[in-house]
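For reference, the structure discussed in these notes is given below.
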Amino acid sequence: MGMKIIGTGSCLPQTVVTNDDLSKIMDTSDEWISSRTGIRERHLVKEETTTSMSVEAARRAMENAGVTAQEIDLIIVGTLSADHVTPACACEVQAAIGAQDAVAFDINAACSGFMFALNIAHAYLQMGVYKTVLILGAETLSKIMDWNDRSTCVLFGDGAGAVVVCADERDRMLAYDQGSDGVRGSVLACKNRTNNNPLVQTGVEPEYVHMDGQEVYKFAVTAVPASLSKTIKAAGLSVEDIDYFALHQANIRIIQSVAKRLKVSEDKFPISLDHCGNISAASVPILLDEINRKGLLKPGMKIALSGFGGGLTWASAVIEW
Ligand code: UT7
């Protein structure tokens with residue numbers, strides 16, 4: 001048994017914060033942010049939460065797929081910024097949409113979280129365990145940013161994206177690749193669970209996100225093209241056969257570098273980072289939803305997906321639409 005994507009959905013918070021807005025509260029500028037990253041604005045939560053955005057994205061994806069909540073038998077949310085330690089965001093989504101027969105859990109693979117969740121869903125479907133799966137990437141990164149660290153906080157945004165996949169005799173997941181490198185994990189970290197139990201009492205304050213941007217940049221521009229090349233080859237295709245490359249939206253320069261290394265036109269790399277910033281696990285499903293709703297995806301098209309980031313982690317897939 002194989003897997004087929006049958007619907008997409010997404011949800012961004014209502015409030016848009018431009019680079020000029022940020023320049024009024026910290027020492028930065030639209031010129032610096034847009035020329036270094038391609039980001040012009042991002043959406044940040046006020047009332048919204050990781051769960052509320054996930055629920056809205058899930059409803060839109062189910063409507064797009066034409067499935068009811070009763071048909072969903074598995075919900076996986078890729079997130080590093082769930083609203084609580086427990087219950088999981090996926091369980092809260094289950095309750096809110098009324099998918100009472102679903103099994104629900106979160107996974108944390110940072111910016112690769114949605115891709116890892118997609119691969120988990122694929123494995124379950126291949127084994128015949130489940131039939132219809134709701135997969136989300138959802139983040140409220142603004143709550144784990146250090147708003148005094150201009151080198152990181154300007155890069156990130158909040159939002160949620162979702163896909164519905166179902167079991168199908170013909171597998172539209174043509175190939176995938178995923179990997180982790182915990183040895184280099186400290187280059188992108190958020191160590192915000194210190195233990196202050198009575199035996200330890202470190203008094204250490206929880207940390208916000210810390211990133212060595214240049215090290216992450218170097219990792220991305222080597223790991224992503226290597227993973228994509230491997231996956232495309234495993235699918236029995238060449239880069240010319242790929243209609244779109246839907247990559248994690250961290251930095252336009254990373255995407256341009258990947259396009260150059262693969263010798264593919266940048267036109268094949270749709271972009272959402274200009275208006276969303278980097279939304280970690282939510283980047284890929286939001287982008288997929290945007291290009292789906294623009295009518296760019298036609299049956300039979302081959303799409304390469306890739307996520308990369310904290311852990312370090314990375315994951316790519318080639319799917320047929
Ligand atoms: O999803 C996870 C994946 N994350 C990524 O892929 C991030 C990868 N890394 C990057 O995208 C880039 O490294 C950044 C966009 C984060 C930074 O770009 P950079 O070209 O590596 O800049 P830099 O860190 O070398 O900083 C250059 C200068 C520094 O000033 P000096 O030391 O040259 O005087 C910074 O202090 O830019 C300064 N700077 C800023 N200036 C204005 C840093 N942040 C800002 C800012 N506004 N927001």
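Residue numbering restarts at 1 for every chain of the structure tokens, chains are lettered A, B, ... in their displayed order, and ligands are numbered from 1 as they appear.
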DSSP on the backbone: which residues in stretch 131-264 of chain A end up as strand (DSSP E)? Give the answer as an MDAnalysis selection string. chainID A and resid 132:140 158:168 173:180 188:189 210:211 244:247
What are the closest atom pairs, with distances in Å to one decimal, for each residue of stretch 219-282 of chain A lying within 12 Å of stretch 310-321 of chain A, using only C-alpha atoms, rows by chain and rising residue number, as a tab-separated table?
residue	atom	partner	partner_atom	distance
A:Phe219	CA	A:Leu312	CA	8.8
A:Ala220	CA	A:Trp314	CA	8.8
A:Val221	CA	A:Trp314	CA	11.7
A:Thr222	CA	A:Trp314	CA	11.1
A:Ala223	CA	A:Trp314	CA	7.5
A:Val224	CA	A:Trp314	CA	7.4
A:Pro225	CA	A:Ser316	CA	9.7
A:Ala226	CA	A:Ser316	CA	9.9
A:Ser227	CA	A:Ser316	CA	6.3
A:Leu228	CA	A:Ser316	CA	6.0
A:Ser229	CA	A:Ser316	CA	9.5
A:Lys230	CA	A:Ser316	CA	9.0
A:Thr231	CA	A:Ala317	CA	6.4
A:Ile232	CA	A:Val318	CA	6.4
A:Lys233	CA	A:Val318	CA	9.7
A:Ala234	CA	A:Val318	CA	9.1
A:Ala235	CA	A:Val318	CA	6.9
A:Gly236	CA	A:Val318	CA	10.2
A:Leu237	CA	A:Val318	CA	9.3
A:Ser238	CA	A:Val318	CA	11.1
A:Val239	CA	A:Val318	CA	10.7
A:Asp241	CA	A:Val318	CA	10.7
A:Ile242	CA	A:Val318	CA	8.4
A:Asp243	CA	A:Glu320	CA	9.9
A:Tyr244	CA	A:Val318	CA	9.9
A:Phe245	CA	A:Val318	CA	9.1
A:Ala246	CA	A:Ser316	CA	9.8
A:Leu247	CA	A:Ser316	CA	8.8
A:His248	CA	A:Trp314	CA	9.9
A:Ala250	CA	A:Gly310	CA	11.9
A:Ser280	CA	A:Gly310	CA	8.9
A:Ala281	CA	A:Gly310	CA	10.2
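Taking only C-alpha atoms and all ligand atoms into account, the protein and nucleic acid residues that come at most 7 Å from ligand 1 are Asp27, Thr28, Ser29, Trp32, Ile33, Arg36, Thr37, Cys111, Arg150, Ser151, Thr152, Val154, Gly213, Gln214, Val216, Tyr217, Ala220, Ala250, Asn251, Asn278, Ser280, Phe308, Gly309 and Gly310 of chain A.
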I need the chosen residues saved as a JSON list (two decimals), in the first residue's frame, with N, CA, C and O atoms.
[["chain", "number", "residue", "atom", "x", "y", "z"],
["A", 27, "ASP", "N", 17.66, 47.55, 16.77],
["A", 27, "ASP", "CA", 18.65, 48.12, 15.86],
["A", 27, "ASP", "C", 18.77, 47.22, 14.62],
["A", 27, "ASP", "O", 19.66, 46.37, 14.54],
["A", 28, "THR", "N", 17.83, 47.39, 13.68],
["A", 28, "THR", "CA", 17.87, 46.62, 12.43],
["A", 28, "THR", "C", 17.25, 47.48, 11.34],
["A", 28, "THR", "O", 16.85, 48.62, 11.59],
["A", 29, "SER", "N", 17.18, 46.93, 10.13],
["A", 29, "SER", "CA", 16.60, 47.70, 9.03],
["A", 29, "SER", "C", 16.02, 46.76, 7.99],
["A", 29, "SER", "O", 16.43, 45.59, 7.89],
["A", 32, "TRP", "N", 18.83, 45.49, 5.75],
["A", 32, "TRP", "CA", 19.66, 44.38, 6.24],
["A", 32, "TRP", "C", 18.87, 43.07, 6.14],
["A", 32, "TRP", "O", 19.35, 42.09, 5.58],
["A", 33, "ILE", "N", 17.65, 43.07, 6.64],
["A", 33, "ILE", "CA", 16.90, 41.80, 6.70],
["A", 33, "ILE", "C", 16.57, 41.30, 5.29],
["A", 33, "ILE", "O", 16.80, 40.13, 4.96],
["A", 36, "ARG", "N", 19.82, 40.20, 3.29],
["A", 36, "ARG", "CA", 20.50, 38.99, 3.81],
["A", 36, "ARG", "C", 19.64, 37.74, 3.74],
["A", 36, "ARG", "O", 20.15, 36.63, 3.76],
["A", 37, "THR", "N", 18.30, 37.93, 3.77],
["A", 37, "THR", "CA", 17.42, 36.75, 3.94],
["A", 37, "THR", "C", 16.28, 36.65, 2.93],
["A", 37, "THR", "O", 15.74, 35.56, 2.74],
["A", 111, "CYS", "N", 12.97, 22.06, 12.31],
["A", 111, "CYS", "CA", 12.48, 22.51, 10.99],
["A", 111, "CYS", "C", 12.20, 21.34, 10.04],
["A", 111, "CYS", "O", 11.57, 21.52, 9.00],
["A", 150, "ARG", "N", 18.88, 40.47, 17.82],
["A", 150, "ARG", "CA", 18.41, 40.84, 16.48],
["A", 150, "ARG", "C", 18.87, 39.86, 15.41],
["A", 150, "ARG", "O", 18.30, 39.81, 14.31],
["A", 151, "SER", "N", 19.95, 39.08, 15.70],
["A", 151, "SER", "CA", 20.45, 38.17, 14.66],
["A", 151, "SER", "C", 19.56, 36.94, 14.48],
["A", 151, "SER", "O", 19.68, 36.24, 13.48],
["A", 152, "THR", "N", 18.66, 36.66, 15.43],
["A", 152, "THR", "CA", 17.75, 35.52, 15.25],
["A", 152, "THR", "C", 16.28, 35.94, 15.18],
["A", 152, "THR", "O", 15.53, 35.43, 14.35],
["A", 154, "VAL", "N", 14.57, 38.33, 14.06],
["A", 154, "VAL", "CA", 13.99, 38.92, 12.85],
["A", 154, "VAL", "C", 13.69, 37.86, 11.79],
["A", 154, "VAL", "O", 12.99, 38.12, 10.81],
["A", 213, "GLY", "N", 24.29, 31.35, 13.02],
["A", 213, "GLY", "CA", 23.71, 31.45, 11.68],
["A", 213, "GLY", "C", 24.64, 30.95, 10.59],
["A", 213, "GLY", "O", 24.20, 30.25, 9.67],
["A", 214, "GLN", "N", 25.90, 31.29, 10.70],
["A", 214, "GLN", "CA", 26.81, 30.92, 9.61],
["A", 214, "GLN", "C", 27.05, 29.42, 9.55],
["A", 214, "GLN", "O", 27.16, 28.84, 8.47],
["A", 216, "VAL", "N", 24.87, 27.12, 10.56],
["A", 216, "VAL", "CA", 23.63, 26.52, 10.04],
["A", 216, "VAL", "C", 23.56, 26.74, 8.53],
["A", 216, "VAL", "O", 23.15, 25.84, 7.78],
["A", 217, "TYR", "N", 23.99, 27.90, 8.10],
["A", 217, "TYR", "CA", 24.00, 28.22, 6.66],
["A", 217, "TYR", "C", 24.88, 27.22, 5.90],
["A", 217, "TYR", "O", 24.47, 26.64, 4.90],
["A", 220, "ALA", "N", 23.25, 23.86, 5.73],
["A", 220, "ALA", "CA", 22.10, 23.81, 4.82],
["A", 220, "ALA", "C", 22.54, 23.73, 3.36],
["A", 220, "ALA", "O", 21.99, 22.93, 2.59],
["A", 250, "ALA", "N", 14.03, 29.18, 4.99],
["A", 250, "ALA", "CA", 14.88, 29.81, 6.00],
["A", 250, "ALA", "C", 15.52, 31.09, 5.48],
["A", 250, "ALA", "O", 15.58, 32.09, 6.19],
["A", 251, "ASN", "N", 16.01, 31.04, 4.24],
["A", 251, "ASN", "CA", 16.77, 32.17, 3.72],
["A", 251, "ASN", "C", 16.80, 32.04, 2.20],
["A", 251, "ASN", "O", 17.13, 30.98, 1.67],
["A", 278, "ASN", "N", 10.76, 32.45, 8.53],
["A", 278, "ASN", "CA", 11.05, 31.03, 8.77],
["A", 278, "ASN", "C", 10.09, 30.51, 9.85],
["A", 278, "ASN", "O", 10.11, 31.00, 10.97],
["A", 280, "SER", "N", 9.88, 27.23, 10.80],
["A", 280, "SER", "CA", 10.35, 25.91, 11.21],
["A", 280, "SER", "C", 9.49, 24.81, 10.58],
["A", 280, "SER", "O", 9.34, 24.79, 9.36],
["A", 308, "PHE", "N", 15.10, 21.16, 6.81],
["A", 308, "PHE", "CA", 16.42, 21.06, 7.45],
["A", 308, "PHE", "C", 16.48, 22.04, 8.61],
["A", 308, "PHE", "O", 15.84, 23.08, 8.57],
["A", 309, "GLY", "N", 17.24, 21.67, 9.65],
["A", 309, "GLY", "CA", 17.38, 22.62, 10.76],
["A", 309, "GLY", "C", 17.84, 21.96, 12.04],
["A", 309, "GLY", "O", 18.67, 21.04, 12.03],
["A", 310, "GLY", "N", 17.25, 22.41, 13.15],
["A", 310, "GLY", "CA", 17.70, 22.03, 14.49],
["A", 310, "GLY", "C", 17.81, 20.53, 14.70],
["A", 310, "GLY", "O", 17.04, 19.74, 14.15]]
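What separates atom CA of A:Leu12 from atom CA of A:Gly159 is a distance of 4.5 Å.
Residues in contact with A:Ala167 at up to 8 Å, not including ones fewer than 3 positions away on its chain and judged by only C-alpha atoms, are A:Met1, A:Gly2, A:Met3, A:Lys4, A:Leu125, A:Gln126, A:Gly128, A:Tyr130, A:Lys131, A:Thr132.
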Which neighbours of A:Gln249 fall inside 12 Å, counting only C-alpha atoms, when residues of the same chain fewer than 2 positions from it are skipped, and could you give them as number ranges by chain? A: 37-39, 42, 111-112, 155-157, 220, 245-247, 251-256, 269-288, 305-309
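Candidate residues A:Ala175, A:Val264, A:Ala162, A:Ser81 were compared for distance to A:Asn192, and the nearest is A:Ser81, using only C-alpha atoms.
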Run DSSP on the backbone and grab whatever in stretch 53-268 of chain A lands in alpha helix (DSSP H); send it over as a ChimeraX atom specification. /A:53-65,89-97,113-127,150-153,213-234,252-262
Name the closest residue to A:Val187 among the candidates A:His122, A:Lys218, A:Arg172, A:Lys268; distances are taken between atoms, counting only C-alpha atoms. A:Lys218
Cut-off 12 Å: closest stretch 40-139 of chain A/stretch 292-301 of chain A atom pairs per residue, using only C-alpha atoms, as a Markdown table:
| residue | atom | partner | partner_atom | distance |
| --- | --- | --- | --- | --- |
| A:Arg60 | CA | A:Arg293 | CA | 11.1 |
| A:Ala61 | CA | A:Arg293 | CA | 10.9 |
| A:Asn64 | CA | A:Arg293 | CA | 9.4 |
| A:Ala65 | CA | A:Asn292 | CA | 11.7 |
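Comparing the minimum interatomic distances between A:Gly66 and each of A:Asn108, A:Ser23, A:Thr8, A:Gln100, counting only C-alpha atoms, we find that A:Thr8 sits nearest.
When atom CA of A:Asp168 is paired with atom CA of A:Cys89, their separation reads 27.3 Å.
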Counting only C-alpha atoms, figure out which residue out of A:Glu205, A:Asp158, A:Glu47, A:Glu169 gets nearest to A:Ala82. A:Asp158
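Of the listed residues A:Gly137, A:Ile72, A:Val85, A:Ile120, the one whose atoms come nearest to A:Ala57 is A:Gly137, with distances taken using only C-alpha atoms.
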